[in-house]
$ cat run_6.txt   # compact mmCIF, C-alpha atoms
# COMPACT_ATOMS: atom_id res chain seq x y z
CA MET A 271 -22.18 -185.23 55.15
CA LEU A 272 -23.41 -187.50 57.91
CA ALA A 273 -26.88 -188.27 59.07
CA PRO A 274 -28.77 -186.01 61.47
CA GLU A 275 -29.24 -187.61 64.89
CA LEU A 276 -32.66 -189.19 64.57
CA VAL A 277 -33.47 -192.87 65.55
CA ALA A 278 -35.20 -195.29 63.18
CA THR A 279 -37.83 -196.51 65.62
CA ALA A 280 -40.95 -195.65 63.68
CA PRO A 281 -41.70 -195.32 59.95
CA ASN A 282 -41.43 -192.04 58.09
CA PRO A 283 -44.46 -190.31 56.66
CA PRO A 284 -45.71 -192.34 53.67
CA VAL A 285 -42.78 -193.46 51.53
CA PRO A 286 -42.94 -193.81 47.74
CA VAL A 287 -45.37 -196.40 46.42
CA PRO A 288 -43.68 -199.74 46.99
CA VAL A 289 -43.20 -200.72 43.38
CA PRO A 290 -39.71 -201.98 42.55
CA VAL A 291 -37.80 -199.68 40.27
CA PRO A 292 -35.62 -201.55 37.80
CA VAL A 293 -31.95 -201.13 38.56
CA PRO A 294 -29.54 -201.28 35.63
CA VAL A 295 -27.70 -204.58 35.49
CA PRO A 296 -24.01 -203.91 36.13
CA ASP A 297 -21.58 -204.56 33.32
CA LYS A 298 -20.01 -207.90 34.19
CA ARG A 299 -16.80 -206.72 32.58
CA ARG A 300 -16.54 -203.95 35.15
CA HIS A 301 -13.59 -204.38 37.47
CA ALA A 302 -14.74 -205.21 40.99
CA PRO A 303 -12.59 -203.55 43.63
CA THR A 304 -10.09 -205.72 45.43
CA TRP A 305 -10.36 -206.38 49.16
CA ALA A 306 -7.72 -203.73 49.85
CA GLU A 307 -9.42 -201.21 47.55
CA ALA A 308 -12.81 -201.86 49.17
CA ARG A 309 -11.42 -201.26 52.66
CA ARG A 310 -9.80 -197.99 51.55
CA LEU A 311 -12.96 -196.82 49.77
CA ALA A 312 -15.07 -197.54 52.86
CA TYR A 313 -12.72 -195.40 54.94
CA ASP A 314 -12.34 -192.53 52.47
CA CYS A 315 -16.06 -192.12 51.72
CA ALA A 316 -16.91 -190.75 55.18
CA GLY A 317 -15.79 -188.02 57.55
CA PRO A 318 -15.85 -187.91 61.35
CA LEU A 319 -18.94 -187.10 63.35
CA PRO A 320 -18.84 -183.94 65.47
CA PRO A 321 -17.80 -184.31 69.13
CA LEU A 322 -20.21 -184.09 72.05
CA ASN A 323 -20.03 -183.38 75.77
CA VAL A 324 -20.76 -186.24 78.15
CA SER A 325 -20.77 -186.62 81.91
CA LEU A 326 -17.74 -188.13 83.58
CA ALA A 327 -19.72 -191.30 84.27
CA ASP A 328 -20.38 -191.74 80.54
CA ALA A 329 -16.87 -190.87 79.33
CA VAL A 330 -15.02 -194.12 80.09
CA GLY A 331 -14.00 -195.86 76.87
CA ARG A 332 -14.57 -192.79 74.72
CA THR A 333 -11.92 -190.75 72.93
CA LEU A 334 -11.15 -187.29 74.27
CA THR A 335 -11.20 -184.57 71.59
CA VAL A 336 -9.84 -181.57 73.54
CA ASP A 337 -6.92 -181.44 75.98
CA VAL A 338 -7.91 -181.33 79.64
CA LEU A 339 -5.91 -178.52 81.26
CA ALA A 340 -5.38 -177.69 84.90
CA SER A 341 -7.39 -174.51 85.45
CA ARG A 342 -5.45 -173.87 88.66
CA ASP A 343 -2.70 -175.44 90.71
CA LEU A 344 -3.30 -179.00 91.91
CA PRO A 345 -3.68 -179.22 94.78
CA HIS A 346 -4.98 -175.67 95.01
CA TYR A 347 -4.05 -175.34 98.68
CA ALA A 348 -1.25 -176.67 100.88
CA SER A 349 -2.54 -179.69 102.79
CA SER A 350 -1.45 -182.19 105.39
CA ALA A 351 -0.09 -185.56 104.30
CA MET A 352 -0.68 -187.03 107.77
CA ASP A 353 -3.04 -187.06 110.71
CA GLY A 354 -1.37 -185.10 113.50
CA TRP A 355 -0.68 -181.45 114.33
CA ALA A 356 0.23 -178.39 112.28
CA ILE A 357 3.19 -176.80 114.08
CA ASN A 358 5.11 -173.53 114.09
CA GLY A 359 8.63 -173.77 115.48
CA SER A 360 10.70 -176.60 116.96
CA GLY A 361 8.60 -177.26 120.08
CA PRO A 362 7.34 -177.88 122.57
CA TRP A 363 4.07 -176.33 121.41
CA THR A 364 0.91 -175.01 122.97
CA ILE A 365 -2.15 -176.61 121.31
CA THR A 366 -4.61 -174.01 120.04
CA THR A 367 -7.92 -174.06 118.16
CA ALA A 368 -7.72 -175.85 114.81
CA GLY A 369 -7.83 -173.70 111.68
CA LEU A 370 -6.55 -170.47 113.26
CA PRO A 371 -3.20 -168.88 112.36
CA LEU A 372 -0.29 -170.26 114.38
CA ALA A 373 2.24 -168.16 116.23
CA PRO A 374 5.72 -169.53 117.00
CA GLY A 375 5.46 -172.28 119.58
CA GLU A 376 1.83 -173.13 118.73
CA ALA A 377 0.24 -176.24 117.21
CA SER A 378 -3.25 -177.31 116.21
CA VAL A 379 -4.86 -180.64 115.34
CA ILE A 380 -5.01 -181.45 111.61
CA ALA A 381 -6.23 -184.43 109.57
CA THR A 382 -4.85 -185.85 106.34
CA GLY A 383 -5.83 -183.52 103.52
CA GLY A 384 -6.57 -180.70 105.91
CA TRP A 385 -5.75 -177.11 105.03
CA ILE A 386 -2.42 -175.89 106.42
CA PRO A 387 -3.19 -172.82 108.58
CA PRO A 388 -1.14 -169.59 108.22
CA GLY A 389 2.09 -169.75 110.19
CA ALA A 390 2.40 -173.53 110.12
CA VAL A 391 5.78 -174.71 108.85
CA ALA A 392 5.37 -178.50 109.18
CA VAL A 393 3.04 -181.27 110.26
CA LEU A 394 4.00 -183.49 113.15
CA ARG A 395 2.43 -186.87 112.58
CA LYS A 396 0.34 -188.41 115.33
CA GLU A 397 2.83 -191.21 115.99
CA SER A 398 5.64 -188.71 116.66
CA GLY A 399 3.84 -186.37 119.10
CA LEU A 400 3.09 -186.58 122.81
CA VAL A 401 0.32 -184.47 124.41
CA ARG A 402 0.69 -183.41 128.03
CA GLU A 403 -2.40 -182.34 129.90
CA ALA A 404 -1.94 -179.25 132.13
CA THR A 405 -4.50 -178.31 134.79
CA GLY A 406 -5.85 -174.83 134.18
CA ARG A 407 -3.58 -174.35 131.23
CA ALA A 408 -3.65 -175.21 127.51
CA ARG A 409 -2.43 -178.66 126.58
CA GLN A 410 1.19 -179.00 125.58
CA LEU A 411 2.58 -180.94 122.60
CA ALA A 412 6.10 -182.34 122.60
CA LEU A 413 8.17 -184.57 120.36
CA ARG A 414 8.26 -188.16 121.55
CA PRO A 415 11.67 -189.28 122.82
CA ASP A 416 11.90 -191.95 120.11
CA ALA A 417 10.86 -189.61 117.25
CA LYS A 418 13.43 -188.49 114.71
CA PRO A 419 14.48 -184.84 114.90
CA SER A 420 13.73 -184.52 111.19
CA GLU A 421 10.01 -184.77 111.99
CA THR A 422 9.92 -181.02 112.62
CA VAL A 423 11.95 -179.72 109.68
CA PRO A 424 10.09 -177.08 107.59
CA GLY A 425 7.80 -178.62 104.98
CA LYS A 426 7.66 -182.05 106.63
CA HIS A 427 4.46 -183.94 105.81
CA ILE A 428 3.01 -180.95 103.89
CA ARG A 429 1.68 -181.36 100.37
CA PRO A 430 2.50 -178.02 98.77
CA THR A 431 0.24 -176.11 96.41
CA GLY A 432 0.81 -177.22 92.80
CA GLU A 433 2.62 -180.43 93.77
CA GLU A 434 0.69 -182.45 91.15
CA ALA A 435 0.22 -179.79 88.49
CA THR A 436 0.39 -176.07 87.96
CA ALA A 437 -2.28 -174.01 86.23
CA GLY A 438 -2.14 -174.56 82.46
CA ASP A 439 -0.53 -178.00 82.57
CA VAL A 440 -1.99 -180.59 80.16
CA LEU A 441 -3.48 -183.31 82.34
CA ILE A 442 -5.04 -185.51 79.62
CA ARG A 443 -4.20 -185.12 75.94
CA ALA A 444 -6.75 -185.13 73.12
CA GLY A 445 -6.91 -188.51 71.42
CA THR A 446 -6.71 -190.43 74.70
CA VAL A 447 -9.14 -193.30 75.15
CA LEU A 448 -10.42 -192.52 78.62
CA ASN A 449 -10.07 -195.00 81.46
CA PRO A 450 -11.37 -194.73 85.04
CA ALA A 451 -8.14 -193.08 86.25
CA HIS A 452 -8.54 -190.36 83.61
CA ILE A 453 -12.05 -189.73 84.88
CA ALA A 454 -10.77 -189.37 88.43
CA LEU A 455 -8.09 -186.91 87.26
CA ALA A 456 -10.72 -184.90 85.38
CA ALA A 457 -12.78 -184.74 88.57
CA VAL A 458 -9.73 -183.49 90.49
CA ALA A 459 -9.45 -180.80 87.83
CA ALA A 460 -13.07 -179.79 88.63
CA ARG A 461 -14.51 -181.05 85.32
CA ASP A 462 -18.13 -182.20 85.28
CA GLU A 463 -18.18 -183.05 81.56
CA LEU A 464 -15.65 -183.99 78.92
CA GLN A 465 -15.73 -183.42 75.16
CA VAL A 466 -15.42 -186.74 73.38
CA GLN A 467 -15.73 -188.12 69.89
CA ARG A 468 -19.27 -189.21 69.14
CA LYS A 469 -19.64 -192.85 68.22
CA PRO A 470 -21.67 -193.71 65.12
CA VAL A 471 -25.12 -195.11 65.82
CA VAL A 472 -25.53 -198.37 63.89
CA ALA A 473 -28.94 -199.91 63.26
CA VAL A 474 -29.41 -203.46 62.01
CA VAL A 475 -32.04 -204.63 59.53
CA LEU A 476 -32.49 -208.41 59.68
CA THR A 477 -34.20 -210.12 56.77
CA GLY A 478 -35.40 -213.55 55.82
CA SER A 479 -38.82 -215.11 56.26
CA GLU A 480 -37.16 -218.48 56.88
CA VAL A 481 -35.27 -217.24 59.95
CA VAL A 482 -36.37 -218.29 63.45
CA THR A 483 -35.06 -216.69 66.64
CA SER A 484 -35.46 -219.51 69.15
CA GLY A 485 -35.65 -223.27 69.43
CA GLU A 486 -34.82 -225.91 66.86
CA PRO A 487 -35.51 -224.80 63.27
CA GLU A 488 -37.64 -227.04 61.07
CA PRO A 489 -36.47 -228.20 57.64
CA GLY A 490 -36.47 -225.10 55.41
CA GLN A 491 -35.87 -222.83 58.39
CA VAL A 492 -32.59 -221.51 59.77
CA ARG A 493 -31.68 -220.18 63.19
CA ASP A 494 -30.90 -216.46 63.43
CA VAL A 495 -27.13 -216.04 63.80
CA PHE A 496 -26.97 -212.28 63.20
CA GLY A 497 -29.28 -210.97 65.92
CA PRO A 498 -27.28 -212.37 68.85
CA GLN A 499 -23.85 -211.24 67.63
CA LEU A 500 -24.07 -208.03 65.60
CA ASP A 501 -24.58 -205.56 68.47
CA ALA A 502 -21.50 -206.94 70.24
CA VAL A 503 -19.40 -206.75 67.08
CA ILE A 504 -20.66 -203.23 66.32
CA SER A 505 -19.57 -202.11 69.79
CA GLN A 506 -16.15 -203.74 69.33
CA LEU A 507 -15.76 -201.90 66.02
CA GLY A 508 -16.41 -198.55 67.72
CA GLY A 509 -20.11 -198.15 66.97
CA GLU A 510 -23.09 -197.62 69.23
CA PRO A 511 -25.85 -200.22 68.65
CA GLY A 512 -28.99 -198.48 67.45
CA GLY A 513 -31.51 -201.30 67.56
CA HIS A 514 -32.74 -204.12 65.35
CA HIS A 515 -35.53 -204.08 62.79
CA ARG A 516 -36.60 -207.52 61.58
CA ILE A 517 -38.42 -207.56 58.25
CA GLY A 518 -39.65 -210.02 55.67
CA ASP A 519 -38.43 -210.31 52.12
CA SER A 520 -40.82 -207.89 50.37
CA TYR A 521 -39.75 -204.75 48.59
CA ALA A 522 -42.21 -202.68 50.66
CA ALA A 523 -40.61 -203.92 53.89
CA TRP A 524 -37.14 -203.10 52.58
CA LEU A 525 -38.17 -199.62 51.52
CA LYS A 526 -39.80 -198.87 54.85
CA ALA A 527 -36.82 -200.17 56.84
CA LEU A 528 -34.18 -198.25 54.88
CA ALA A 529 -36.26 -195.04 54.90
CA GLY A 530 -36.04 -195.09 58.70
CA GLY A 531 -37.25 -191.95 60.43
CA GLY A 532 -39.58 -191.50 63.34
CA GLU A 533 -38.85 -189.89 66.67
CA GLY A 534 -35.37 -189.56 68.14
CA ARG A 535 -32.17 -190.18 66.23
CA ARG A 536 -31.69 -191.77 62.87
CA PRO A 537 -28.74 -194.13 62.64
CA ASP A 538 -25.54 -192.93 61.02
CA VAL A 539 -25.03 -196.38 59.54
CA THR A 540 -27.49 -199.18 58.81
CA VAL A 541 -26.31 -202.76 58.39
CA THR A 542 -28.59 -205.13 56.47
CA THR A 543 -28.35 -208.90 56.21
CA GLY A 544 -29.23 -210.72 53.00
CA GLY A 545 -30.91 -209.31 49.92
CA THR A 546 -27.69 -208.27 48.19
CA GLY A 547 -27.90 -210.81 45.37
CA LYS A 548 -29.25 -210.12 41.88
CA SER A 549 -32.43 -212.22 41.96
CA GLY A 550 -35.97 -210.86 41.85
CA THR A 551 -36.32 -211.30 45.63
CA ASP A 552 -33.22 -209.23 46.47
CA HIS A 553 -34.39 -205.64 47.00
CA PHE A 554 -31.37 -203.80 48.46
CA ARG A 555 -30.42 -201.93 45.30
CA ALA A 556 -33.98 -201.09 44.24
CA ALA A 557 -34.81 -199.70 47.70
CA VAL A 558 -31.66 -197.57 47.79
CA ASP A 559 -32.43 -196.26 44.30
CA ALA A 560 -36.04 -195.41 45.24
CA LEU A 561 -34.78 -193.41 48.23
CA GLY A 562 -32.46 -191.37 46.01
CA GLY A 563 -29.34 -193.08 47.29
CA ARG A 564 -26.26 -194.19 45.40
CA LEU A 565 -24.14 -197.29 45.43
CA LEU A 566 -20.58 -196.52 46.46
CA LEU A 567 -19.47 -200.11 46.03
CA ASP A 568 -21.32 -203.04 44.47
CA GLY A 569 -19.44 -206.29 44.93
CA ILE A 570 -15.86 -207.01 45.96
CA ALA A 571 -13.30 -209.33 44.35
CA MET A 572 -13.06 -211.54 47.43
CA ARG A 573 -14.34 -214.84 48.77
CA PRO A 574 -16.45 -215.23 50.83
CA GLY A 575 -18.52 -212.06 50.94
CA HIS A 576 -18.21 -210.87 47.35
CA PRO A 577 -21.89 -209.68 47.05
CA ALA A 578 -21.36 -207.00 49.75
CA VAL A 579 -22.72 -203.54 48.93
CA LEU A 580 -22.03 -200.07 50.34
CA ALA A 581 -24.49 -197.24 49.70
CA GLU A 582 -25.14 -193.66 50.83
CA LEU A 583 -28.53 -191.98 51.14
CA PRO A 584 -29.12 -188.28 50.33
CA ASP A 585 -29.20 -187.33 54.04
CA GLY A 586 -25.68 -188.75 54.53
CA ARG A 587 -26.62 -192.08 56.12
CA PHE A 588 -24.57 -195.06 55.04
CA ILE A 589 -25.92 -198.55 54.41
CA ILE A 590 -23.78 -201.69 54.42
CA GLY A 591 -25.43 -204.62 52.71
CA LEU A 592 -24.12 -207.94 53.99
CA PRO A 593 -24.66 -211.26 52.19
CA GLY A 594 -27.02 -213.75 53.82
CA ASN A 595 -24.47 -216.49 54.55
CA PRO A 596 -23.08 -216.05 58.09
CA LEU A 597 -19.32 -216.24 57.47
CA ALA A 598 -19.62 -214.30 54.22
CA ALA A 599 -21.53 -211.60 56.08
CA MET A 600 -18.93 -211.34 58.86
CA MET A 601 -16.06 -211.09 56.39
CA ALA A 602 -17.97 -208.37 54.54
CA LEU A 603 -18.57 -206.54 57.83
CA MET A 604 -14.85 -206.72 58.64
CA THR A 605 -14.03 -205.44 55.14
CA LEU A 606 -16.50 -202.53 54.98
CA GLY A 607 -17.82 -201.94 58.48
CA GLU A 608 -14.49 -201.80 60.30
CA PRO A 609 -12.96 -199.00 58.15
CA LEU A 610 -16.25 -197.10 57.74
CA LEU A 611 -16.89 -196.95 61.49
CA ALA A 612 -13.25 -195.96 62.04
CA ALA A 613 -13.65 -193.01 59.64
CA VAL A 614 -16.95 -191.87 61.12
CA GLY A 615 -15.52 -192.28 64.63
CA ASN A 616 -12.42 -190.20 63.75
CA ARG A 617 -10.01 -193.10 64.16
CA PRO A 618 -7.06 -193.91 61.88
CA PHE A 619 -7.22 -196.39 59.04
CA ARG A 620 -5.92 -199.73 60.24
CA ARG A 621 -3.60 -201.59 57.91
CA PRO A 622 -3.15 -205.36 57.99
CA GLY A 623 -0.10 -206.86 59.61
CA LEU A 624 2.11 -209.46 57.98
CA MET A 625 2.52 -212.97 59.37
CA MET A 626 4.05 -216.13 58.00
CA SER A 627 1.50 -218.59 56.72
CA GLY A 628 1.61 -221.96 58.43
CA ALA A 629 0.18 -223.75 55.38
CA ASP A 630 0.04 -223.63 51.61
CA VAL A 631 -3.07 -221.92 50.25
CA ALA A 632 -3.93 -222.53 46.60
CA PRO A 633 -4.44 -219.68 44.14
CA ASP A 634 -7.90 -218.28 43.48
CA PRO A 635 -7.41 -216.15 40.36
CA GLY A 636 -9.02 -212.73 40.49
CA ARG A 637 -10.13 -212.92 44.15
CA THR A 638 -8.70 -212.38 47.62
CA ARG A 639 -9.55 -215.27 49.93
CA LEU A 640 -10.50 -214.24 53.46
CA MET A 641 -9.72 -217.15 55.74
CA PRO A 642 -10.27 -217.24 59.50
CA CYS A 643 -7.02 -218.35 61.09
CA THR A 644 -5.34 -219.12 64.38
CA PHE A 645 -1.98 -217.82 65.58
CA VAL A 646 0.53 -220.43 66.74
CA HIS A 647 4.18 -219.54 67.38
CA GLU A 648 3.91 -216.44 65.16
CA LEU A 649 2.44 -218.45 62.30
CA ALA A 650 -1.07 -218.03 60.87
CA PHE A 651 -2.86 -221.33 60.23
CA PRO A 652 -6.12 -221.42 58.25
CA ALA A 653 -9.01 -222.61 60.40
CA ALA A 654 -11.22 -225.55 59.52
CA HIS A 655 -15.00 -225.30 59.03
CA THR A 656 -14.93 -222.00 57.13
CA GLY A 657 -17.58 -222.47 54.46
CA PRO A 658 -19.62 -219.31 53.66
CA GLY A 659 -22.50 -220.54 55.82
CA MET A 660 -20.42 -221.76 58.78
CA MET A 661 -19.62 -220.10 62.11
CA ARG A 662 -17.52 -222.84 63.76
CA GLY A 663 -14.20 -221.83 62.20
CA LEU A 664 -14.65 -218.15 63.01
CA ALA A 665 -15.62 -218.93 66.59
CA GLY A 666 -12.19 -220.45 67.26
CA ALA A 667 -10.16 -218.00 65.16
CA ASP A 668 -7.78 -215.23 66.23
CA GLY A 669 -7.89 -213.28 62.97
CA TYR A 670 -8.33 -213.70 59.25
CA MET A 671 -5.83 -214.02 56.42
CA ALA A 672 -6.25 -212.00 53.24
CA VAL A 673 -4.70 -214.46 50.81
CA PRO A 674 -3.91 -212.81 47.45
CA PRO A 675 -5.25 -214.31 44.21
CA GLU A 676 -1.93 -216.05 43.52
CA GLY A 677 -2.16 -217.95 46.80
CA VAL A 678 0.54 -218.26 49.44
CA ALA A 679 3.16 -220.87 50.29
CA ALA A 680 3.85 -222.06 53.82
CA GLY A 681 6.53 -219.85 55.32
CA ALA A 682 5.70 -216.87 53.10
CA THR A 683 4.14 -213.73 54.54
CA VAL A 684 0.45 -212.99 54.17
CA PRO A 685 -1.67 -209.99 55.24
CA VAL A 686 -3.54 -210.73 58.48
CA MET A 687 -6.18 -208.74 60.37
CA PRO A 688 -7.15 -209.47 63.97
CA LEU A 689 -10.79 -210.05 64.76
CA PRO A 690 -12.43 -207.31 66.86
CA TRP A 691 -12.50 -209.54 69.93
CA THR A 692 -8.84 -210.64 69.73
CA VAL A 693 -5.44 -208.96 69.90
CA MET A 694 -2.64 -209.51 67.40
CA VAL A 695 0.39 -211.32 68.81
$ encode --input "run_6.txt" --output "structure tokens"
Amino acid sequence: MLAPELVATAPNPPVPVPVPVPVPVPDKRRHAPTWAEARRLAYDCAGPLPPLNVSLADAVGRTLTVDVLASRDLPHYASSAMDGWAINGSGPWTITTAGLPLAPGEASVIATGGWIPPGAVAVLRKESGLVREATGRARQLALRPDAKPSETVPGKHIRPTGEEATAGDVLIRAGTVLNPAHIALAAVAARDELQVQRKPVVAVVLTGSEVVTSGEPEPGQVRDVFGPQLDAVISQLGGEPGGHHRIGDSYAAWLKALAGGGEGRRPDVTVTTGGTGKSGTDHFRAAVDALGGRLLLDGIAMRPGHPAVLAELPDGRFIIGLPGNPLAAMMALMTLGEPLLAAVGNRPFRRPGLMMSGADVAPDPGRTRLMPCTFVHELAFPAAHTGPGMMRGLAGADGYMAVPPEGVAAGATVPVMPLPWTVMV
């Protein structure tokens, strides 16, 4: 069951006394899930959020959950396709007041999109008609000498009722990711709102007393790399950024941040950075335990990013614990965050594609190696500068290779996932 819609912008009423609760040390002989198993677990542990109604202006980019039907014929009245005159008969015609029924031999001025008056059988476009003024008499309309005779055939330049759709037709199918043209079509169908899949709200908890957010860091300090990028990545993964909460490294700060609460909506998913190790200063597990939560996954047999953790709180909120090293954290987010947000957002599980490796990659027994890579002539080449704490390799990558423990030879196929900001070739 997923979290109620409340935002973590202010602390809850007093949380339990901030005294770390010992967490049992995991059995080191326990089998850590593989990269593939972790992705599947992250998808299967959650169900979709309920849909919501949004205005047309807010619907672009969202996924429609109910077919949009034509409630009546479109267009719902016969209209003119040209500026000119509505006519009855073959002419010449006496010009009468616009909008009134036409008798044989009568015409009236009409604009593009104008309602076809009763009796009208065609529209004579402005370029094909000639008006003759008559003193003391109504004006007369005639066909220009150079106009084609077909200009007066019944139905000419008339858009009939139901030309675009008839009542009951499906205009936009459920499951469609809505673009601006869909919104325009919904407006034509007289919709003011559309029912769409709700996106999961994702909050971010940033940790580390050594982290600085601007300027040149001093020795012993590091520049924040998560704050500037996570909201963008969360959006690209189908989530809705729910704000940042920057905390220190104390257990009390962790407990307060993960408890969330306050006015508005709570996040459906919280992503934390750092604190997933097993030292005395890593409080992720103890805080989850104190809040009555449970660990769904504690460590993954992959490199980098193996200390990643996935937990669920009693109210249905999910917490993804990312390692502190930048590349390790991003690989963990791709492994757990991408499938979890897909499940909560009611999107299908995405399987890796297969590409030929452009290089030999040595074995790493017992672990899947996640390697940022570039695509060149349908080959995947491992990127340089891909240490756990580096961002340079990922910045120039198209995707990442999931190299199995036995390694891969150049020319052999390897599972590859695109990065959220790139498209597979």
$ residues_around --input "run_6.txt" --residues "A:Asn449" --least-positions-apart "2" --cutoff "8 Å" --atoms "all atoms listed in the file" --output "list of chain:residue names"
A:Val330, A:Gly331, A:Val447, A:Ala451, A:His452, A:Ile453
$ write_last_selection --input "run_6.txt" --atoms "C-alpha atoms" --output "tab-separated table (two decimals), in the coordinates of the input"
chain	number	residue	atom	x	y	z
A	330	VAL	CA	-15.02	-194.12	80.09
A	331	GLY	CA	-14.00	-195.86	76.87
A	447	VAL	CA	-9.14	-193.30	75.15
A	451	ALA	CA	-8.14	-193.08	86.25
A	452	HIS	CA	-8.54	-190.36	83.61
A	453	ILE	CA	-12.05	-189.73	84.88
$ residues_around --input "run_6.txt" --residues "A:Trp305" --least-positions-apart "6" --cutoff "8 Å" --atoms "only C-alpha atoms" --output "number ranges by chain"
A: 570-572, 605, 638
$ closest_atom_pairs --input "run_6.txt" --of "stretch 411-436 of chain A" --to "stretch 334-342 of chain A" --cutoff "12 Å" --atoms "all atoms listed in the file" --output "Markdown table"
| residue | atom | partner | partner_atom | distance |
| --- | --- | --- | --- | --- |
| A:Thr431 | CA | A:Arg342 | CA | 9.9 |
| A:Gly432 | CA | A:Arg342 | CA | 8.2 |
| A:Glu433 | CA | A:Arg342 | CA | 11.6 |
| A:Glu434 | CA | A:Ala340 | CA | 9.9 |
| A:Ala435 | CA | A:Ala340 | CA | 7.0 |
| A:Thr436 | CA | A:Arg342 | CA | 6.3 |
$ residues_around --input "run_6.txt" --residues "A:Arg429" --least-positions-apart "4" --cutoff "9 Å" --atoms "all atoms listed in the file" --output "list in words"
Pro345, Tyr347, Ala348, Ser349, Ser350, Ala351, Gly383, Gly425 and Glu433 of chain A
$ write_last_selection --input "run_6.txt" --atoms "C-alpha atoms" --output "compact mmCIF listing (two decimals), in the coordinates of the input"
# COMPACT_ATOMS: atom_id res chain seq x y z
CA PRO A 345 -3.68 -179.22 94.78
CA TYR A 347 -4.05 -175.34 98.68
CA ALA A 348 -1.25 -176.67 100.88
CA SER A 349 -2.54 -179.69 102.79
CA SER A 350 -1.45 -182.19 105.39
CA ALA A 351 -0.09 -185.56 104.30
CA GLY A 383 -5.83 -183.52 103.52
CA GLY A 425 7.80 -178.62 104.98
CA GLU A 433 2.62 -180.43 93.77
$ residues_around --input "run_6.txt" --residues "stretch 664-668 of chain A" --least-positions-apart "3" --cutoff "9 Å" --atoms "all atoms listed in the file" --output "PyMOL selection string"
chain A and resi 597+641-645+652-656+660-661+687-689+691-694
$ atom_distance --input "run_6.txt" --atom1 "atom CA of A:Leu606" --atom2 "atom CA of A:Arg309"
5.7 Å
$ atom_distance --input "run_6.txt" --atom1 "atom CA of A:Leu476" --atom2 "atom CA of A:Leu640"
23.6 Å
$ closest_residue --input "run_6.txt" --among "A:Val466, A:Ala454, A:Leu580, A:Ile517" --to "A:Gly478" --atoms "all atoms listed in the file"
A:Ile517
$ residues_around --input "run_6.txt" --residues "stretch 378-380 of chain A" --least-positions-apart "3" --cutoff "9 Å" --atoms "all atoms listed in the file" --output "PyMOL selection string"
chain A and resi 350+352-357+364-370+372+383-387+393
$ write_last_selection --input "run_6.txt" --atoms "C-alpha atoms" --output "PDB file, in the frame of the given file"
ATOM      1  CA  SER A 350      -1.450-182.190 105.390  1.00  0.00           C
ATOM      2  CA  MET A 352      -0.680-187.030 107.770  1.00  0.00           C
ATOM      3  CA  ASP A 353      -3.040-187.060 110.710  1.00  0.00           C
ATOM      4  CA  GLY A 354      -1.370-185.100 113.500  1.00  0.00           C
ATOM      5  CA  TRP A 355      -0.680-181.450 114.330  1.00  0.00           C
ATOM      6  CA  ALA A 356       0.230-178.390 112.280  1.00  0.00           C
ATOM      7  CA  ILE A 357       3.190-176.800 114.080  1.00  0.00           C
ATOM      8  CA  THR A 364       0.910-175.010 122.970  1.00  0.00           C
ATOM      9  CA  ILE A 365      -2.150-176.610 121.310  1.00  0.00           C
ATOM     10  CA  THR A 366      -4.610-174.010 120.040  1.00  0.00           C
ATOM     11  CA  THR A 367      -7.920-174.060 118.160  1.00  0.00           C
ATOM     12  CA  ALA A 368      -7.720-175.850 114.810  1.00  0.00           C
ATOM     13  CA  GLY A 369      -7.830-173.700 111.680  1.00  0.00           C
ATOM     14  CA  LEU A 370      -6.550-170.470 113.260  1.00  0.00           C
ATOM     15  CA  LEU A 372      -0.290-170.260 114.380  1.00  0.00           C
ATOM     16  CA  GLY A 383      -5.830-183.520 103.520  1.00  0.00           C
ATOM     17  CA  GLY A 384      -6.570-180.700 105.910  1.00  0.00           C
ATOM     18  CA  TRP A 385      -5.750-177.110 105.030  1.00  0.00           C
ATOM     19  CA  ILE A 386      -2.420-175.890 106.420  1.00  0.00           C
ATOM     20  CA  PRO A 387      -3.190-172.820 108.580  1.00  0.00           C
ATOM     21  CA  VAL A 393       3.040-181.270 110.260  1.00  0.00           C
TER      22      VAL A 393
END
$ closest_residue --input "run_6.txt" --among "A:Pro635, A:Ala381, A:Tyr521, A:Thr683" --to "A:Ala556" --atoms "only C-alpha atoms"
A:Tyr521
$ atom_distance --input "run_6.txt" --atom1 "atom CA of A:Ala329" --atom2 "atom CA of A:Leu455"
12.5 Å
$ closest_residue --input "run_6.txt" --among "A:Leu322, A:Ala312, A:Val401, A:Ala306" --to "A:Leu565" --atoms "only C-alpha atoms"
A:Ala312
